[in-house]
>>> print(open('entry10.cif').read())   # mmCIF, C-alpha atoms
data_structure
loop_
_atom_site.group_PDB
_atom_site.id
_atom_site.type_symbol
_atom_site.label_atom_id
_atom_site.label_comp_id
_atom_site.auth_asym_id
_atom_site.auth_seq_id
_atom_site.Cartn_x
_atom_site.Cartn_y
_atom_site.Cartn_z
ATOM 1 C CA MET A 1 0.000 0.000 0.000
ATOM 2 C CA ALA A 2 1.273 3.424 -0.797
ATOM 3 C CA LEU A 3 0.047 5.429 2.156
ATOM 4 C CA ALA A 4 0.012 4.695 5.840
ATOM 5 C CA ILE A 5 -3.529 4.356 7.122
ATOM 6 C CA GLU A 6 -4.506 5.703 10.506
ATOM 7 C CA THR A 7 -5.497 3.094 13.101
ATOM 8 C CA GLU A 8 -7.664 3.709 16.139
ATOM 9 C CA PHE A 9 -5.991 3.995 19.563
ATOM 10 C CA THR A 10 -7.339 1.035 21.565
ATOM 11 C CA PRO A 11 -5.770 1.092 25.042
ATOM 12 C CA LEU A 12 -8.382 -1.125 26.743
ATOM 13 C CA ALA A 13 -8.587 -3.872 24.121
ATOM 14 C CA SER A 14 -4.825 -3.807 23.717
ATOM 15 C CA ALA A 15 -4.117 -4.042 27.452
ATOM 16 C CA ALA A 16 -6.703 -6.829 27.796
ATOM 17 C CA GLY A 17 -5.186 -8.682 24.833
ATOM 18 C CA GLY A 18 -1.749 -8.191 26.351
ATOM 19 C CA ALA A 19 -3.012 -9.605 29.648
ATOM 20 C CA LEU A 20 -4.270 -12.689 27.764
ATOM 21 C CA ILE A 21 -0.840 -13.103 26.161
ATOM 22 C CA GLY A 22 0.794 -12.774 29.594
ATOM 23 C CA THR A 23 -1.670 -15.276 31.052
ATOM 24 C CA SER A 24 -0.809 -17.749 28.277
ATOM 25 C CA ALA A 25 2.882 -17.347 29.044
ATOM 26 C CA VAL A 26 2.245 -18.041 32.739
ATOM 27 C CA LEU A 27 0.036 -21.069 32.059
ATOM 28 C CA LEU A 28 2.609 -22.609 29.716
ATOM 29 C CA MET A 29 5.338 -22.155 32.332
ATOM 30 C CA LEU A 30 3.134 -23.401 35.179
ATOM 31 C CA PHE A 31 2.007 -26.566 33.381
ATOM 32 C CA THR A 32 4.855 -27.457 31.019
ATOM 33 C CA GLY A 33 7.779 -25.419 32.345
ATOM 34 C CA ARG A 34 8.468 -23.745 29.014
ATOM 35 C CA ILE A 35 8.867 -20.241 27.610
ATOM 36 C CA ALA A 36 5.950 -19.094 25.425
ATOM 37 C CA GLY A 37 8.199 -17.695 22.705
ATOM 38 C CA ILE A 38 6.750 -18.267 19.272
ATOM 39 C CA SER A 39 10.070 -18.395 17.426
ATOM 40 C CA GLY A 40 11.411 -20.789 20.073
ATOM 41 C CA ILE A 41 8.355 -23.012 19.644
ATOM 42 C CA VAL A 42 8.744 -22.879 15.837
ATOM 43 C CA SER A 43 12.424 -23.772 16.117
ATOM 44 C CA ARG A 44 11.481 -26.879 18.148
ATOM 45 C CA LEU A 45 9.753 -28.008 14.945
ATOM 46 C CA VAL A 46 12.444 -27.055 12.451
ATOM 47 C CA ARG A 47 15.306 -28.207 14.711
ATOM 48 C CA PRO A 48 14.089 -31.224 16.694
ATOM 49 C CA LEU A 49 16.417 -31.889 19.629
ATOM 50 C CA PRO A 50 16.064 -34.649 22.240
ATOM 51 C CA ASP A 51 14.280 -32.253 24.595
ATOM 52 C CA SER A 52 12.262 -30.287 22.040
ATOM 53 C CA LYS A 53 8.975 -32.262 22.267
ATOM 54 C CA PRO A 54 7.907 -31.375 18.702
ATOM 55 C CA LEU A 55 4.366 -32.730 19.138
ATOM 56 C CA GLN A 56 3.732 -30.304 22.001
ATOM 57 C CA ALA A 57 5.194 -27.460 19.958
ATOM 58 C CA LEU A 58 2.964 -28.444 17.047
ATOM 59 C CA ALA A 59 -0.109 -28.498 19.314
ATOM 60 C CA PHE A 60 0.650 -24.938 20.473
ATOM 61 C CA ILE A 61 0.998 -23.765 16.871
ATOM 62 C CA VAL A 62 -2.252 -25.502 15.873
ATOM 63 C CA GLY A 63 -3.977 -23.609 18.708
ATOM 64 C CA LEU A 64 -2.511 -20.346 17.423
ATOM 65 C CA VAL A 65 -3.508 -21.051 13.824
ATOM 66 C CA ILE A 66 -7.127 -21.984 14.599
ATOM 67 C CA ALA A 67 -7.546 -19.004 16.954
ATOM 68 C CA PRO A 68 -9.124 -16.637 14.369
ATOM 69 C CA LEU A 69 -11.629 -19.334 13.307
ATOM 70 C CA VAL A 70 -12.676 -20.025 16.906
ATOM 71 C CA TRP A 71 -12.632 -16.273 17.594
ATOM 72 C CA ARG A 72 -15.062 -15.601 14.758
ATOM 73 C CA GLY A 73 -17.280 -18.429 15.951
ATOM 74 C CA VAL A 74 -17.352 -17.211 19.556
ATOM 75 C CA SER A 75 -17.435 -13.426 19.189
ATOM 76 C CA GLY A 76 -19.136 -13.245 15.807
ATOM 77 C CA SER A 77 -16.822 -10.385 14.881
ATOM 78 C CA SER A 78 -14.356 -10.520 12.040
ATOM 79 C CA VAL A 79 -10.705 -9.640 12.383
ATOM 80 C CA ASP A 80 -9.581 -6.262 11.034
ATOM 81 C CA GLN A 81 -6.332 -6.599 9.207
ATOM 82 C CA ILE A 82 -4.509 -4.315 6.810
ATOM 83 C CA VAL A 83 -1.425 -5.923 5.350
ATOM 84 C CA THR A 84 0.879 -5.033 2.477
ATOM 85 C CA ASP A 85 0.048 -6.245 -1.030
ATOM 86 C CA ASN A 86 3.731 -6.326 -1.966
ATOM 87 C CA LEU A 87 4.346 -10.092 -1.990
ATOM 88 C CA PRO A 88 8.114 -10.089 -2.682
ATOM 89 C CA LEU A 89 8.525 -7.633 0.193
ATOM 90 C CA ALA A 90 6.422 -9.896 2.436
ATOM 91 C CA ALA A 91 8.508 -12.950 1.526
ATOM 92 C CA PHE A 92 11.770 -11.060 2.102
ATOM 93 C CA ALA A 93 10.510 -9.775 5.460
ATOM 94 C CA GLY A 94 9.481 -13.329 6.388
ATOM 95 C CA LEU A 95 12.989 -14.596 5.695
ATOM 96 C CA LEU A 96 14.505 -11.860 7.877
ATOM 97 C CA VAL A 97 12.009 -12.409 10.704
ATOM 98 C CA GLY A 98 12.442 -16.198 10.751
ATOM 99 C CA PHE A 99 16.204 -16.067 10.483
ATOM 100 C CA GLY A 100 16.722 -13.208 12.913
ATOM 101 C CA ALA A 101 14.361 -14.536 15.572
ATOM 102 C CA VAL A 102 15.961 -17.981 15.670
ATOM 103 C CA TYR A 103 19.539 -16.690 15.296
ATOM 104 C CA GLY A 104 18.955 -14.121 18.046
ATOM 105 C CA GLY A 105 17.278 -16.684 20.296
ATOM 106 C CA GLY A 106 13.825 -15.102 20.474
ATOM 107 C CA CYS A 107 11.226 -12.695 19.122
ATOM 108 C CA THR A 108 8.657 -10.273 20.499
ATOM 109 C CA SER A 109 7.115 -12.963 22.718
ATOM 110 C CA GLY A 110 10.215 -14.903 23.849
ATOM 111 C CA HIS A 111 12.448 -11.898 24.528
ATOM 112 C CA GLY A 112 9.902 -9.059 24.668
ATOM 113 C CA VAL A 113 7.398 -10.689 27.030
ATOM 114 C CA CYS A 114 8.770 -13.836 28.677
ATOM 115 C CA GLY A 115 12.392 -12.673 28.805
ATOM 116 C CA LEU A 116 11.575 -9.291 30.309
ATOM 117 C CA ALA A 117 9.267 -10.999 32.826
ATOM 118 C CA ARG A 118 12.222 -13.181 33.935
ATOM 119 C CA PHE A 119 14.468 -10.082 34.193
ATOM 120 C CA SER A 120 16.807 -11.535 31.541
ATOM 121 C CA ARG A 121 19.577 -9.127 30.534
ATOM 122 C CA ARG A 122 19.904 -10.842 27.123
ATOM 123 C CA SER A 123 16.201 -10.348 26.469
ATOM 124 C CA LEU A 124 16.320 -6.689 27.504
ATOM 125 C CA VAL A 125 19.187 -6.058 25.076
ATOM 126 C CA ALA A 126 17.483 -8.026 22.288
ATOM 127 C CA THR A 127 14.201 -6.136 22.826
ATOM 128 C CA LEU A 128 15.932 -2.748 22.658
ATOM 129 C CA VAL A 129 17.829 -3.813 19.511
ATOM 130 C CA PHE A 130 14.820 -5.163 17.607
ATOM 131 C CA MET A 131 12.588 -2.242 18.593
ATOM 132 C CA THR A 132 15.254 0.206 17.421
ATOM 133 C CA ALA A 133 15.826 -1.674 14.155
ATOM 134 C CA ALA A 134 12.086 -1.855 13.447
ATOM 135 C CA ILE A 135 11.556 1.860 14.207
ATOM 136 C CA LEU A 136 14.459 2.788 11.903
ATOM 137 C CA VAL A 137 13.165 0.594 9.073
ATOM 138 C CA VAL A 138 9.655 2.056 9.352
ATOM 139 C CA PHE A 139 11.078 5.575 9.376
ATOM 140 C CA VAL A 140 13.198 4.956 6.277
ATOM 141 C CA ALA A 141 10.442 3.088 4.419
ATOM 142 C CA ARG A 142 7.669 5.573 5.165
ATOM 143 C CA HIS A 143 9.392 8.908 5.446
ATOM 144 C CA ILE A 144 12.562 8.686 3.361
ATOM 145 C CA LEU A 145 11.741 6.214 0.587
ATOM 146 C CA GLY A 146 8.020 6.760 1.047
ATOM 147 C CA GLY A 147 5.604 3.990 0.260
ATOM 148 C CA ALA A 148 7.399 0.642 0.383
ATOM 149 C CA ALA A 149 5.776 -0.321 3.664
ATOM 150 C CA MET B 1 -2.349 -33.903 28.655
ATOM 151 C CA ASN B 2 0.698 -31.832 27.679
ATOM 152 C CA ILE B 3 -0.572 -31.766 24.116
ATOM 153 C CA LEU B 4 -3.993 -30.501 25.220
ATOM 154 C CA VAL B 5 -2.471 -27.801 27.431
ATOM 155 C CA ASN B 6 -0.277 -26.622 24.559
ATOM 156 C CA LEU B 7 -3.249 -26.510 22.204
ATOM 157 C CA LEU B 8 -5.397 -24.500 24.633
ATOM 158 C CA VAL B 9 -2.605 -22.133 25.613
ATOM 159 C CA GLY B 10 -1.795 -21.569 21.921
ATOM 160 C CA LEU B 11 -5.458 -20.767 21.349
ATOM 161 C CA LEU B 12 -5.518 -18.315 24.269
ATOM 162 C CA PHE B 13 -2.306 -16.706 23.045
ATOM 163 C CA GLY B 14 -3.948 -16.310 19.623
ATOM 164 C CA PHE B 15 -7.020 -14.671 21.192
ATOM 165 C CA GLY B 16 -4.667 -12.248 22.953
ATOM 166 C CA LEU B 17 -2.980 -11.339 19.678
ATOM 167 C CA LEU B 18 -6.346 -10.849 17.934
ATOM 168 C CA LEU B 19 -7.957 -8.815 20.732
ATOM 169 C CA SER B 20 -4.887 -6.635 21.231
ATOM 170 C CA GLY B 21 -4.513 -5.556 17.607
ATOM 171 C CA MET B 22 -1.077 -7.183 17.244
ATOM 172 C CA ALA B 23 -2.474 -9.260 14.374
ATOM 173 C CA ASN B 24 -3.076 -6.100 12.335
ATOM 174 C CA PRO B 25 0.266 -5.210 10.692
ATOM 175 C CA GLU B 26 -0.888 -1.652 9.956
ATOM 176 C CA LYS B 27 -1.430 -1.096 13.683
ATOM 177 C CA VAL B 28 2.021 -2.507 14.430
ATOM 178 C CA LEU B 29 3.656 -0.263 11.827
ATOM 179 C CA ASN B 30 1.783 2.763 13.186
ATOM 180 C CA PHE B 31 3.103 1.940 16.656
ATOM 181 C CA LEU B 32 6.635 1.906 15.256
ATOM 182 C CA ASP B 33 6.056 5.146 13.317
ATOM 183 C CA PHE B 34 6.522 8.091 15.667
ATOM 184 C CA ALA B 35 6.738 10.461 12.719
ATOM 185 C CA GLY B 36 3.425 9.349 11.180
ATOM 186 C CA HIS B 37 -0.009 8.339 12.510
ATOM 187 C CA TRP B 38 1.470 7.170 15.789
ATOM 188 C CA ASP B 39 -0.764 4.599 17.515
ATOM 189 C CA PRO B 40 0.530 3.881 21.043
ATOM 190 C CA SER B 41 -1.819 0.884 21.532
ATOM 191 C CA LEU B 42 0.905 -1.728 21.343
ATOM 192 C CA ALA B 43 2.682 -0.255 24.336
ATOM 193 C CA PHE B 44 -0.430 -1.357 26.242
ATOM 194 C CA VAL B 45 -0.171 -4.871 24.788
ATOM 195 C CA MET B 46 3.421 -5.155 25.879
ATOM 196 C CA GLY B 47 2.723 -3.548 29.251
ATOM 197 C CA GLY B 48 -0.259 -5.801 29.959
ATOM 198 C CA ALA B 49 1.615 -8.922 28.904
ATOM 199 C CA VAL B 50 4.805 -8.155 30.820
ATOM 200 C CA ILE B 51 3.003 -7.174 34.036
ATOM 201 C CA VAL B 52 0.875 -10.340 34.077
ATOM 202 C CA ALA B 53 3.809 -12.564 33.094
ATOM 203 C CA THR B 54 6.156 -11.034 35.675
ATOM 204 C CA ILE B 55 3.717 -11.588 38.550
ATOM 205 C CA GLY B 56 2.652 -15.018 37.292
ATOM 206 C CA TYR B 57 6.241 -16.200 36.827
ATOM 207 C CA GLN B 58 7.144 -15.138 40.381
ATOM 208 C CA LEU B 59 4.286 -17.255 41.735
ATOM 209 C CA THR B 60 5.061 -20.158 39.376
ATOM 210 C CA PHE B 61 8.752 -20.283 40.301
ATOM 211 C CA ARG B 62 7.828 -20.860 43.938
ATOM 212 C CA ARG B 63 7.024 -24.388 42.821
ATOM 213 C CA ALA B 64 9.804 -26.976 42.625
ATOM 214 C CA LYS B 65 8.616 -28.097 39.217
ATOM 215 C CA PRO B 66 5.861 -27.466 36.685
ATOM 216 C CA VAL B 67 2.561 -29.339 37.021
ATOM 217 C CA LEU B 68 3.125 -31.665 34.043
ATOM 218 C CA ASP B 69 6.902 -31.919 33.776
ATOM 219 C CA ALA B 70 9.856 -32.953 35.927
ATOM 220 C CA SER B 71 11.623 -29.582 35.665
ATOM 221 C CA PHE B 72 11.448 -26.071 34.230
ATOM 222 C CA HIS B 73 13.082 -25.643 30.809
ATOM 223 C CA LEU B 74 14.597 -22.192 31.195
ATOM 224 C CA PRO B 75 17.147 -20.511 28.961
ATOM 225 C CA THR B 76 20.639 -20.944 30.382
ATOM 226 C CA ALA B 77 22.498 -18.456 28.147
ATOM 227 C CA GLN B 78 23.640 -15.390 30.089
ATOM 228 C CA ARG B 79 26.094 -13.592 27.838
ATOM 229 C CA VAL B 80 25.035 -10.865 25.438
ATOM 230 C CA ASP B 81 26.862 -11.975 22.276
ATOM 231 C CA GLY B 82 27.088 -11.063 18.619
ATOM 232 C CA LYS B 83 24.473 -13.633 17.609
ATOM 233 C CA LEU B 84 21.913 -12.088 19.945
ATOM 234 C CA ILE B 85 22.540 -8.564 18.641
ATOM 235 C CA LEU B 86 22.761 -9.528 14.953
ATOM 236 C CA GLY B 87 19.727 -11.808 15.149
ATOM 237 C CA ALA B 88 17.648 -9.187 16.978
ATOM 238 C CA ALA B 89 18.654 -6.476 14.469
ATOM 239 C CA ILE B 90 17.726 -8.667 11.468
ATOM 240 C CA PHE B 91 14.487 -9.705 13.140
ATOM 241 C CA GLY B 92 13.592 -6.083 13.908
ATOM 242 C CA ALA B 93 14.306 -5.010 10.329
ATOM 243 C CA GLY B 94 11.982 -7.698 8.945
ATOM 244 C CA TRP B 95 9.326 -6.810 11.530
ATOM 245 C CA GLY B 96 9.491 -3.158 10.484
ATOM 246 C CA LEU B 97 9.163 -3.997 6.778
ATOM 247 C CA VAL B 98 5.628 -5.415 6.936
ATOM 248 C CA GLY B 99 4.589 -5.405 10.606
ATOM 249 C CA PHE B 100 4.523 -9.166 11.165
ATOM 250 C CA CYS B 101 6.444 -10.974 13.882
ATOM 251 C CA PRO B 102 6.119 -14.793 14.232
ATOM 252 C CA GLY B 103 3.013 -15.019 16.465
ATOM 253 C CA PRO B 104 0.818 -12.579 14.541
ATOM 254 C CA ALA B 105 1.950 -14.096 11.216
ATOM 255 C CA LEU B 106 0.886 -17.594 12.311
ATOM 256 C CA VAL B 107 -2.374 -16.360 13.815
ATOM 257 C CA SER B 108 -3.122 -14.627 10.490
ATOM 258 C CA LEU B 109 -2.637 -17.747 8.353
ATOM 259 C CA ALA B 110 -6.325 -18.684 8.344
ATOM 260 C CA LEU B 111 -7.286 -15.144 7.299
ATOM 261 C CA ALA B 112 -5.329 -16.016 4.143
ATOM 262 C CA ALA B 113 -4.124 -12.575 3.050
ATOM 263 C CA PRO B 114 -1.727 -13.132 0.116
ATOM 264 C CA ALA B 115 1.116 -11.383 1.964
ATOM 265 C CA THR B 116 0.679 -13.721 4.951
ATOM 266 C CA LEU B 117 0.841 -16.742 2.663
ATOM 267 C CA ALA B 118 4.101 -15.366 1.245
ATOM 268 C CA PHE B 119 5.492 -14.372 4.640
ATOM 269 C CA VAL B 120 4.969 -17.563 6.668
ATOM 270 C CA PRO B 121 6.746 -20.098 4.393
ATOM 271 C CA ALA B 122 9.652 -17.650 4.004
ATOM 272 C CA MET B 123 9.742 -17.254 7.796
ATOM 273 C CA LEU B 124 9.979 -21.041 8.243
ATOM 274 C CA VAL B 125 12.804 -21.205 5.684
ATOM 275 C CA GLY B 126 14.657 -18.408 7.487
ATOM 276 C CA ALA B 127 14.122 -20.113 10.847
ATOM 277 C CA ALA B 128 15.330 -23.468 9.516
ATOM 278 C CA PHE B 129 18.416 -21.822 8.004
ATOM 279 C CA ALA B 130 19.295 -20.106 11.299
ATOM 280 C CA ALA B 131 18.729 -23.370 13.171
ATOM 281 C CA TRP B 132 21.030 -25.160 10.702
ATOM 282 C CA LEU B 133 23.724 -22.494 11.122
ATOM 283 C CA LYS B 134 23.556 -22.868 14.894
ATOM 284 C CA LYS B 135 23.444 -26.666 14.834
ATOM 285 C CA SER B 136 27.154 -27.084 14.191
ATOM 286 C CA ARG B 137 27.923 -25.310 17.450
ATOM 287 C CA PRO B 138 25.443 -26.254 20.190
ATOM 288 C CA VAL B 139 24.548 -23.254 22.292
ATOM 289 C CA PRO B 140 22.951 -22.992 25.722
ATOM 290 C CA GLN B 141 19.168 -23.068 25.560
ATOM 291 C CA GLU B 142 17.616 -19.750 24.617
ATOM 292 C CA ALA B 143 14.298 -17.941 25.005
#
>>> encode(input="entry10.cif", output="structure tokens")
Amino acid sequence: MALAIETEFTPLASAAGGALIGTSAVLLMLFTGRIAGISGIVSRLVRPLPDSKPLQALAFIVGLVIAPLVWRGVSGSSVDQIVTDNLPLAAFAGLLVGFGAVYGGGCTSGHGVCGLARFSRRSLVATLVFMTAAILVVFVARHILGGAA
Amino acid sequence: MNILVNLLVGLLFGFGLLLSGMANPEKVLNFLDFAGHWDPSLAFVMGGAVIVATIGYQLTFRRAKPVLDASFHLPTAQRVDGKLILGAAIFGAGWGLVGFCPGPALVSLALAAPATLAFVPAMLVGAAFAAWLKKSRPVPQEA
């Protein structure tokens, strides 16, 4: 899309959604003793190790994938989503996200939520680095190049 | 039982992403765009998630072990190294390009936007490549 579209400020829904994400992280730790980091869970599938329990990881991902279908069934409301129509850009971004998250040992959930909640210094550094990188890329794409994102 | 718990927790996590707005890449990009239509909502997602997780983890770690496993599987790496920085920088750059990180991308699969269907397979390829690069030198368990 060429122009950035304004989105509504939703502090209550966002905080409530965040609380659900935090609750999921706590439940996963309480019951299975594991970090609810999505890239970590994905890497248990693409890099099966003796301790990686790939079936459990797969079950988590199935839950995540069916969530919008169940959500629509329960709430009756559709999901608002505006996403780029630039497919090569999307594929390139996917490569970077998958590679970077696994190489750096975590993503927004593993480092940004679970890691910060465990007071991990590595996760704090990673979160600051990926936030900064993302802010810079958005600034360049929208305000210097104008339009790519 | 472990399988069922993972399925339900994955579902709940997905609801959180959908309710919070994280699954809308435009909202994510607007959060990252201080110079444009800045939408601070995602600070509330992060705040809500971190507060709940911090308190819940403190209570959970009072237990000797998790309910369904013999021990906690916590990351053991302590050192901030080049891999962490480089990986986080590459991840952040990709996140800023279209507004998808791994959770929201997976939760969006069933909505079947063409960009999502391009993003997710590429993400799995990237993840597998990073895992392969790291395989030669085993590292302490990470987040």
>>> residues_around(input="entry10.cif", residues="Met131 of chain A", least_positions_apart="4", cutoff="9 Å", atoms="all atoms listed in the file", output="list in words")
Ala126, Thr127, Ile135 and Leu136 of chain A; Leu32, Ala88, Ala89, Gly92, Ala93 and Gly96 of chain B
>>> closest_residue(input="entry10.cif", among="B:Asn6, B:Arg63, B:Ala112, B:Gly99", to="chain A", atoms="all atoms listed in the file")
B:Asn6
>>> atom_distance(input="entry10.cif", atom1="atom CA of Leu12 of chain B", atom2="atom CA of Thr108 of chain A")
16.7 Å
>>> atom_distance(input="entry10.cif", atom1="atom CA of His73 of chain B", atom2="atom CA of Ala67 of chain A")
25.7 Å
>>> closest_atom_pairs(input="entry10.cif", of="segment 2-29 of chain B", to="segment 40-52 of chain B", cutoff="8 Å", atoms="only C-alpha atoms", output="tab-separated table")
residue	atom	partner	partner_atom	distance
B:Ser20	CA	B:Val45	CA	6.2
B:Gly21	CA	B:Leu42	CA	7.6
B:Met22	CA	B:Leu42	CA	7.1
B:Val28	CA	B:Leu42	CA	7.0
>>> residues_around(input="entry10.cif", residues="Val125 of chain A", least_positions_apart="6", cutoff="12 Å", atoms="all atoms listed in the file", output="PDB file with C-alpha atoms, keeping the file's coordinate frame")
ATOM      1  CA  GLY A 104      18.955 -14.121  18.046  1.00  0.00           C
ATOM      2  CA  GLY A 105      17.278 -16.684  20.296  1.00  0.00           C
ATOM      3  CA  GLY A 106      13.825 -15.102  20.474  1.00  0.00           C
ATOM      4  CA  CYS A 107      11.226 -12.695  19.122  1.00  0.00           C
ATOM      5  CA  HIS A 111      12.448 -11.898  24.528  1.00  0.00           C
ATOM      6  CA  GLY A 112       9.902  -9.059  24.668  1.00  0.00           C
ATOM      7  CA  GLY A 115      12.392 -12.673  28.805  1.00  0.00           C
ATOM      8  CA  LEU A 116      11.575  -9.291  30.309  1.00  0.00           C
ATOM      9  CA  PHE A 119      14.468 -10.082  34.193  1.00  0.00           C
ATOM     10  CA  MET A 131      12.588  -2.242  18.593  1.00  0.00           C
ATOM     11  CA  THR A 132      15.254   0.206  17.421  1.00  0.00           C
TER      12      THR A 132
ATOM     13  CA  GLN B  78      23.640 -15.390  30.089  1.00  0.00           C
ATOM     14  CA  ARG B  79      26.094 -13.592  27.838  1.00  0.00           C
ATOM     15  CA  VAL B  80      25.035 -10.865  25.438  1.00  0.00           C
ATOM     16  CA  ASP B  81      26.862 -11.975  22.276  1.00  0.00           C
ATOM     17  CA  GLY B  82      27.088 -11.063  18.619  1.00  0.00           C
ATOM     18  CA  LYS B  83      24.473 -13.633  17.609  1.00  0.00           C
ATOM     19  CA  LEU B  84      21.913 -12.088  19.945  1.00  0.00           C
ATOM     20  CA  ILE B  85      22.540  -8.564  18.641  1.00  0.00           C
ATOM     21  CA  LEU B  86      22.761  -9.528  14.953  1.00  0.00           C
ATOM     22  CA  GLY B  87      19.727 -11.808  15.149  1.00  0.00           C
ATOM     23  CA  ALA B  88      17.648  -9.187  16.978  1.00  0.00           C
ATOM     24  CA  ALA B  89      18.654  -6.476  14.469  1.00  0.00           C
TER      25      ALA B  89
END
>>> residues_around(input="entry10.cif", residues="segment 83-87 of chain A", least_positions_apart="4", cutoff="9 Å", atoms="all atoms listed in the file", output="mmCIF file with C-alpha atoms, keeping the file's coordinate frame")
data_model
loop_
_atom_site.group_PDB
_atom_site.id
_atom_site.type_symbol
_atom_site.label_atom_id
_atom_site.label_comp_id
_atom_site.auth_asym_id
_atom_site.auth_seq_id
_atom_site.Cartn_x
_atom_site.Cartn_y
_atom_site.Cartn_z
ATOM 1 C CA MET A 1 0.000 0.000 0.000
ATOM 2 C CA ALA A 91 8.508 -12.950 1.526
ATOM 3 C CA PHE A 92 11.770 -11.060 2.102
ATOM 4 C CA ALA A 148 7.399 0.642 0.383
ATOM 5 C CA ALA A 149 5.776 -0.321 3.664
ATOM 6 C CA ASN B 24 -3.076 -6.100 12.335
ATOM 7 C CA PRO B 25 0.266 -5.210 10.692
ATOM 8 C CA GLU B 26 -0.888 -1.652 9.956
ATOM 9 C CA VAL B 98 5.628 -5.415 6.936
ATOM 10 C CA GLY B 99 4.589 -5.405 10.606
ATOM 11 C CA PHE B 100 4.523 -9.166 11.165
ATOM 12 C CA ALA B 113 -4.124 -12.575 3.050
ATOM 13 C CA PRO B 114 -1.727 -13.132 0.116
ATOM 14 C CA ALA B 115 1.116 -11.383 1.964
ATOM 15 C CA THR B 116 0.679 -13.721 4.951
ATOM 16 C CA LEU B 117 0.841 -16.742 2.663
ATOM 17 C CA ALA B 118 4.101 -15.366 1.245
ATOM 18 C CA PHE B 119 5.492 -14.372 4.640
#
>>> atom_distance(input="entry10.cif", atom1="atom CA of Leu28 of chain A", atom2="atom CA of Ser52 of chain A")
14.5 Å
>>> resolve_selection(input="entry10.cif", expression="the PyMOL selection byres ((chain A and resi 21) around 9)", output="PyMOL selection string")
(chain A and resi 16-20+22-26+109+113) or (chain B and resi 12-17+45+48-50+52-53)
